[in-house]
Amino acid sequence: MTALVLRRGRVSFRVDRRILVLSAVMLLLIAGLGLLGLCYGANWASPAKVFEALSGARGGANVVIRDWRLPRVLAAVVFGAALGVAGAIFQNITRNPLGSPDVIGLDAGAYTGALVAITVLSGSPGQLAISSVIGGVVTAAAVYLLSLGGGLSGLRLVVIGIAVNAMLTAFNSWIVLRAELEVAIAAVGWNAGSLNGVGWDDLRLPFAIILVLLVVLALRAQSLHQASLGSSMAVTTGVGLERLRLQLVLIGVGCTATVTAVAGPIAFIALAAPQIGRRLARAPGVPLLPAALTGAVLLLAADLLAQVLLAPVALPVGVISTAIGGCYLIWLLTKEVRRA
């Protein structure tokens, strides 16, 4: 929980000790799961071997750990955190636990942009990234504009987003069915969401983009906290709500689309991570740091399960996250119905 403190007319924030303890526990979980991910593979590597490889020692096994397993583990951490943050942003904006990018159609929009890059263009990494971002931004703009009629509300935005998501999913299926067989197979496989085969060359630009977005978000975190206390408090402290919402939407879309461009749509991490983090932190709103760390833990754990369940065949991580997220969504809807 974040406490509001007024000092000499200025607004400052004090982070609750529970969030600090939770963050420390989550970081330990991430370190443990990351070490397990570096150890696990076709040939098990001991923790000592992993530390030897990370220290720069040469050797075939060390190359496997540094160049194959380490990029996958870091991708799970960074992409999970980015999806958790994106989910927290949209759930704060909509004030609805269902207001996540994959529910309101942003994942589907980013996938549409990627499909255009794959089927119409050459499908290079740069084209995938740019097309995914454009698709996500256009979808977010469409959902936002359609939600303005009769006054913008979180529930209205979520309902319209679900409808847009359904239409985009149908359109994406049509694109795949019209594509050539090899392109369609690649697009369907990519749509499952996977970290299989991710290497350093695939991650440098996405990591840089996500880092920039998170830095910008950190600079706007105080305004976000003020806005979460209510519109009147935000206006009193000089926060421009419309401009803030636009900036937050762009950051959330950027995080979602960047992950989608590399790994495909990884479902339900953005939906579940913010709410799990909020409940663990016992915070009234949806805090960003617990959401980011919870997203990293969820994606790391899901990717490990994807590698273990049908070993030596590695499943797409999206299959595992969808199964976990589906159970979570049923629980969340049941709880909301009982509360209503």
# chains A, B, ... in the order shown; residues from 1 in each chain; ligands from 1
>>> closest_atom_pairs(of="region 3-121 of chain A", to="region 293-298 of chain A", cutoff="10 Å", atoms="only C-alpha atoms", output="JSON lines")
{"residue": "A:Leu22", "atom": "CA", "partner": "A:Leu293", "partner_atom": "CA", "distance": 9.3}
{"residue": "A:Ser23", "atom": "CA", "partner": "A:Leu293", "partner_atom": "CA", "distance": 7.1}
{"residue": "A:Ala24", "atom": "CA", "partner": "A:Leu293", "partner_atom": "CA", "distance": 9.7}
{"residue": "A:Val25", "atom": "CA", "partner": "A:Leu293", "partner_atom": "CA", "distance": 9.6}
{"residue": "A:Met26", "atom": "CA", "partner": "A:Leu293", "partner_atom": "CA", "distance": 6.1}
{"residue": "A:Leu27", "atom": "CA", "partner": "A:Leu293", "partner_atom": "CA", "distance": 7.2}
{"residue": "A:Leu28", "atom": "CA", "partner": "A:Val297", "partner_atom": "CA", "distance": 9.9}
{"residue": "A:Leu29", "atom": "CA", "partner": "A:Val297", "partner_atom": "CA", "distance": 6.9}
{"residue": "A:Ile30", "atom": "CA", "partner": "A:Val297", "partner_atom": "CA", "distance": 5.7}
{"residue": "A:Ala31", "atom": "CA", "partner": "A:Val297", "partner_atom": "CA", "distance": 9.4}
{"residue": "A:Gly32", "atom": "CA", "partner": "A:Val297", "partner_atom": "CA", "distance": 9.9}
{"residue": "A:Leu33", "atom": "CA", "partner": "A:Val297", "partner_atom": "CA", "distance": 7.7}
{"residue": "A:Gly34", "atom": "CA", "partner": "A:Val297", "partner_atom": "CA", "distance": 9.3}
{"residue": "A:Val73", "atom": "CA", "partner": "A:Ala296", "partner_atom": "CA", "distance": 9.9}
{"residue": "A:Leu74", "atom": "CA", "partner": "A:Ala296", "partner_atom": "CA", "distance": 9.5}
{"residue": "A:Ala75", "atom": "CA", "partner": "A:Ala296", "partner_atom": "CA", "distance": 9.3}
{"residue": "A:Ala76", "atom": "CA", "partner": "A:Ala296", "partner_atom": "CA", "distance": 6.4}
{"residue": "A:Val77", "atom": "CA", "partner": "A:Ala296", "partner_atom": "CA", "distance": 4.5}
{"residue": "A:Val78", "atom": "CA", "partner": "A:Ala296", "partner_atom": "CA", "distance": 6.7}
{"residue": "A:Phe79", "atom": "CA", "partner": "A:Ala296", "partner_atom": "CA", "distance": 7.1}
{"residue": "A:Gly80", "atom": "CA", "partner": "A:Ala296", "partner_atom": "CA", "distance": 4.0}
{"residue": "A:Ala81", "atom": "CA", "partner": "A:Ala296", "partner_atom": "CA", "distance": 4.8}
{"residue": "A:Ala82", "atom": "CA", "partner": "A:Gly295", "partner_atom": "CA", "distance": 7.6}
{"residue": "A:Leu83", "atom": "CA", "partner": "A:Gly295", "partner_atom": "CA", "distance": 6.5}
{"residue": "A:Gly84", "atom": "CA", "partner": "A:Gly295", "partner_atom": "CA", "distance": 4.6}
{"residue": "A:Val85", "atom": "CA", "partner": "A:Gly295", "partner_atom": "CA", "distance": 8.0}
{"residue": "A:Ala86", "atom": "CA", "partner": "A:Gly295", "partner_atom": "CA", "distance": 10.0}
{"residue": "A:Gly87", "atom": "CA", "partner": "A:Gly295", "partner_atom": "CA", "distance": 9.3}
>>> write_last_selection(atoms="C-alpha atoms", output="mmCIF file, in the first residue's frame")
data_model
loop_
_atom_site.group_PDB
_atom_site.id
_atom_site.type_symbol
_atom_site.label_atom_id
_atom_site.label_comp_id
_atom_site.auth_asym_id
_atom_site.auth_seq_id
_atom_site.Cartn_x
_atom_site.Cartn_y
_atom_site.Cartn_z
ATOM 1 C CA LEU A 22 6.753 -8.730 -0.958
ATOM 2 C CA SER A 23 9.173 -7.302 -3.531
ATOM 3 C CA ALA A 24 12.131 -8.915 -1.761
ATOM 4 C CA VAL A 25 10.346 -12.289 -1.704
ATOM 5 C CA MET A 26 9.435 -11.975 -5.390
ATOM 6 C CA LEU A 27 13.021 -11.124 -6.309
ATOM 7 C CA LEU A 28 14.208 -14.242 -4.467
ATOM 8 C CA LEU A 29 11.615 -16.315 -6.375
ATOM 9 C CA ILE A 30 12.772 -14.821 -9.664
ATOM 10 C CA ALA A 31 16.406 -15.603 -8.807
ATOM 11 C CA GLY A 32 15.529 -19.178 -7.838
ATOM 12 C CA LEU A 33 13.371 -19.839 -10.900
ATOM 13 C CA GLY A 34 15.980 -18.181 -13.117
ATOM 14 C CA VAL A 73 15.362 -16.752 -18.829
ATOM 15 C CA LEU A 74 15.933 -13.005 -19.176
ATOM 16 C CA ALA A 75 13.189 -12.785 -21.800
ATOM 17 C CA ALA A 76 10.756 -14.449 -19.389
ATOM 18 C CA VAL A 77 11.697 -12.004 -16.617
ATOM 19 C CA VAL A 78 11.583 -8.817 -18.709
ATOM 20 C CA PHE A 79 8.547 -9.771 -20.795
ATOM 21 C CA GLY A 80 6.657 -10.985 -17.724
ATOM 22 C CA ALA A 81 7.377 -7.702 -15.936
ATOM 23 C CA ALA A 82 6.334 -5.695 -19.017
ATOM 24 C CA LEU A 83 3.036 -7.588 -19.292
ATOM 25 C CA GLY A 84 2.396 -7.205 -15.558
ATOM 26 C CA VAL A 85 2.970 -3.457 -15.789
ATOM 27 C CA ALA A 86 0.743 -3.172 -18.876
ATOM 28 C CA GLY A 87 -2.037 -5.037 -17.087
#
>>> residues_around(residues="Thr322 (chain A)", least_positions_apart="6", cutoff="10 Å", atoms="only C-alpha atoms", output="list in words")
Ala192, Gly193, Ile266, Ala267, Phe268, Ile269, Ala302, Tyr328 and Leu329 of chain A
>>> closest_residue(among="A:Ala221, A:Ala114, A:Ile320, A:Ile276", to="Gln247 (chain A)", atoms="only C-alpha atoms")
A:Ala221
>>> residues_around(residues="region 250-254 of chain A", least_positions_apart="5", cutoff="8 Å", atoms="only C-alpha atoms", output="list of chain:residue names")
A:Val85, A:Ala86, A:Gly87, A:Ile89, A:Phe90, A:Pro101, A:Leu106, A:Val133, A:Gly136, A:Val137, A:Ala140, A:Ile210, A:Leu213, A:Leu214, A:Leu217
>>> write_last_selection(atoms="C-alpha atoms", output="JSON list (two decimals), in the first residue's frame")
[["chain", "number", "residue", "atom", "x", "y", "z"],
["A", 85, "VAL", "CA", 2.97, -3.46, -15.79],
["A", 86, "ALA", "CA", 0.74, -3.17, -18.88],
["A", 87, "GLY", "CA", -2.04, -5.04, -17.09],
["A", 89, "ILE", "CA", -1.88, 0.32, -16.16],
["A", 90, "PHE", "CA", -5.13, -0.67, -17.85],
["A", 101, "PRO", "CA", -4.54, -5.82, -22.77],
["A", 106, "LEU", "CA", -4.73, -4.98, -27.60],
["A", 133, "VAL", "CA", 3.00, -1.38, -32.16],
["A", 136, "GLY", "CA", -1.88, -2.14, -30.78],
["A", 137, "VAL", "CA", -2.09, 1.67, -30.91],
["A", 140, "ALA", "CA", -6.42, 1.10, -28.29],
["A", 210, "ILE", "CA", 10.82, -1.79, -22.58],
["A", 213, "LEU", "CA", 8.95, 2.74, -21.38],
["A", 214, "LEU", "CA", 9.46, 1.66, -17.76],
["A", 217, "LEU", "CA", 6.39, 5.19, -16.36]]
>>> closest_residue(among="A:Pro97, A:Pro47, A:Gly264, A:Gly37", to="Ala110 (chain A)", atoms="only C-alpha atoms")
A:Gly264
>>> closest_atom_pairs(of="region 30-115 of chain A", to="region 169-190 of chain A", cutoff="8 Å", atoms="only C-alpha atoms", output="JSON lines")
{"residue": "A:Ala108", "atom": "CA", "partner": "A:Thr169", "partner_atom": "CA", "distance": 6.2}
{"residue": "A:Tyr111", "atom": "CA", "partner": "A:Asn172", "partner_atom": "CA", "distance": 7.7}
{"residue": "A:Thr112", "atom": "CA", "partner": "A:Asn172", "partner_atom": "CA", "distance": 6.0}
{"residue": "A:Leu115", "atom": "CA", "partner": "A:Ala187", "partner_atom": "CA", "distance": 7.0}
>>> write_last_selection(atoms="all heavy atoms", output="PDB file, in the first residue's frame")
ATOM      1  N   ALA A 108      -4.747  -8.836 -29.565  1.00  0.00           N
ATOM      2  CA  ALA A 108      -5.269  -9.208 -30.883  1.00  0.00           C
ATOM      3  C   ALA A 108      -4.907  -8.162 -31.923  1.00  0.00           C
ATOM      4  O   ALA A 108      -4.577  -8.490 -33.072  1.00  0.00           O
ATOM      5  CB  ALA A 108      -6.787  -9.392 -30.817  1.00  0.00           C
ATOM      6  N   TYR A 111      -1.315  -8.533 -32.767  1.00  0.00           N
ATOM      7  CA  TYR A 111      -1.168  -9.723 -33.607  1.00  0.00           C
ATOM      8  C   TYR A 111      -1.611  -9.436 -35.033  1.00  0.00           C
ATOM      9  O   TYR A 111      -1.007  -9.936 -35.995  1.00  0.00           O
ATOM     10  CB  TYR A 111      -1.983 -10.860 -33.002  1.00  0.00           C
ATOM     11  CG  TYR A 111      -1.907 -12.163 -33.768  1.00  0.00           C
ATOM     12  CD1 TYR A 111      -0.697 -12.660 -34.229  1.00  0.00           C
ATOM     13  CD2 TYR A 111      -3.048 -12.909 -34.020  1.00  0.00           C
ATOM     14  CE1 TYR A 111      -0.621 -13.859 -34.924  1.00  0.00           C
ATOM     15  CE2 TYR A 111      -2.993 -14.106 -34.718  1.00  0.00           C
ATOM     16  CZ  TYR A 111      -1.778 -14.577 -35.163  1.00  0.00           C
ATOM     17  OH  TYR A 111      -1.717 -15.758 -35.851  1.00  0.00           O
ATOM     18  N   THR A 112      -2.652  -8.614 -35.204  1.00  0.00           N
ATOM     19  CA  THR A 112      -3.077  -8.230 -36.551  1.00  0.00           C
ATOM     20  C   THR A 112      -1.958  -7.498 -37.272  1.00  0.00           C
ATOM     21  O   THR A 112      -1.670  -7.767 -38.450  1.00  0.00           O
ATOM     22  CB  THR A 112      -4.327  -7.329 -36.474  1.00  0.00           C
ATOM     23  OG1 THR A 112      -5.378  -8.018 -35.800  1.00  0.00           O
ATOM     24  CG2 THR A 112      -4.800  -6.957 -37.873  1.00  0.00           C
ATOM     25  N   LEU A 115       0.631  -9.962 -38.252  1.00  0.00           N
ATOM     26  CA  LEU A 115       0.195 -10.791 -39.381  1.00  0.00           C
ATOM     27  C   LEU A 115       0.359 -10.047 -40.704  1.00  0.00           C
ATOM     28  O   LEU A 115       0.737 -10.649 -41.717  1.00  0.00           O
ATOM     29  CB  LEU A 115      -1.271 -11.195 -39.201  1.00  0.00           C
ATOM     30  CG  LEU A 115      -1.553 -12.364 -38.255  1.00  0.00           C
ATOM     31  CD1 LEU A 115      -3.052 -12.594 -38.145  1.00  0.00           C
ATOM     32  CD2 LEU A 115      -0.855 -13.634 -38.747  1.00  0.00           C
TER      33      LEU A 115
END
>>> closest_residue(among="A:Val158, A:Leu20, A:Ala257, A:Leu36", to="Leu305 (chain A)", atoms="only C-alpha atoms")
A:Leu36
>>> select_by_dssp(residues="region 57-267 of chain A", states="alpha helix (DSSP H)", output="PyMOL selection string")
chain A and resi 60-64+70-94+106-119+125-147+154-178+181-191+200-219+221-228+231-236+241-263
>>> atom_distance(atom1="CA of Ala301 (chain A)", atom2="CA of Ala272 (chain A)")
13.7 Å
>>> closest_atom_pairs(of="region 242-335 of chain A", to="region 40-45 of chain A", cutoff="12 Å", atoms="only C-alpha atoms", output="CSV")
residue,atom,partner,partner_atom,distance
A:Asp303,CA,A:Tyr40,CA,11.4
A:Leu304,CA,A:Tyr40,CA,8.5
A:Leu305,CA,A:Tyr40,CA,11.1
A:Ala306,CA,A:Gly41,CA,11.9
A:Gln307,CA,A:Gly41,CA,8.2
A:Val308,CA,A:Tyr40,CA,8.9
A:Ala311,CA,A:Ala42,CA,8.7
A:Pro312,CA,A:Ala42,CA,7.0
A:Val313,CA,A:Ala42,CA,10.1
A:Ala314,CA,A:Gly41,CA,10.1
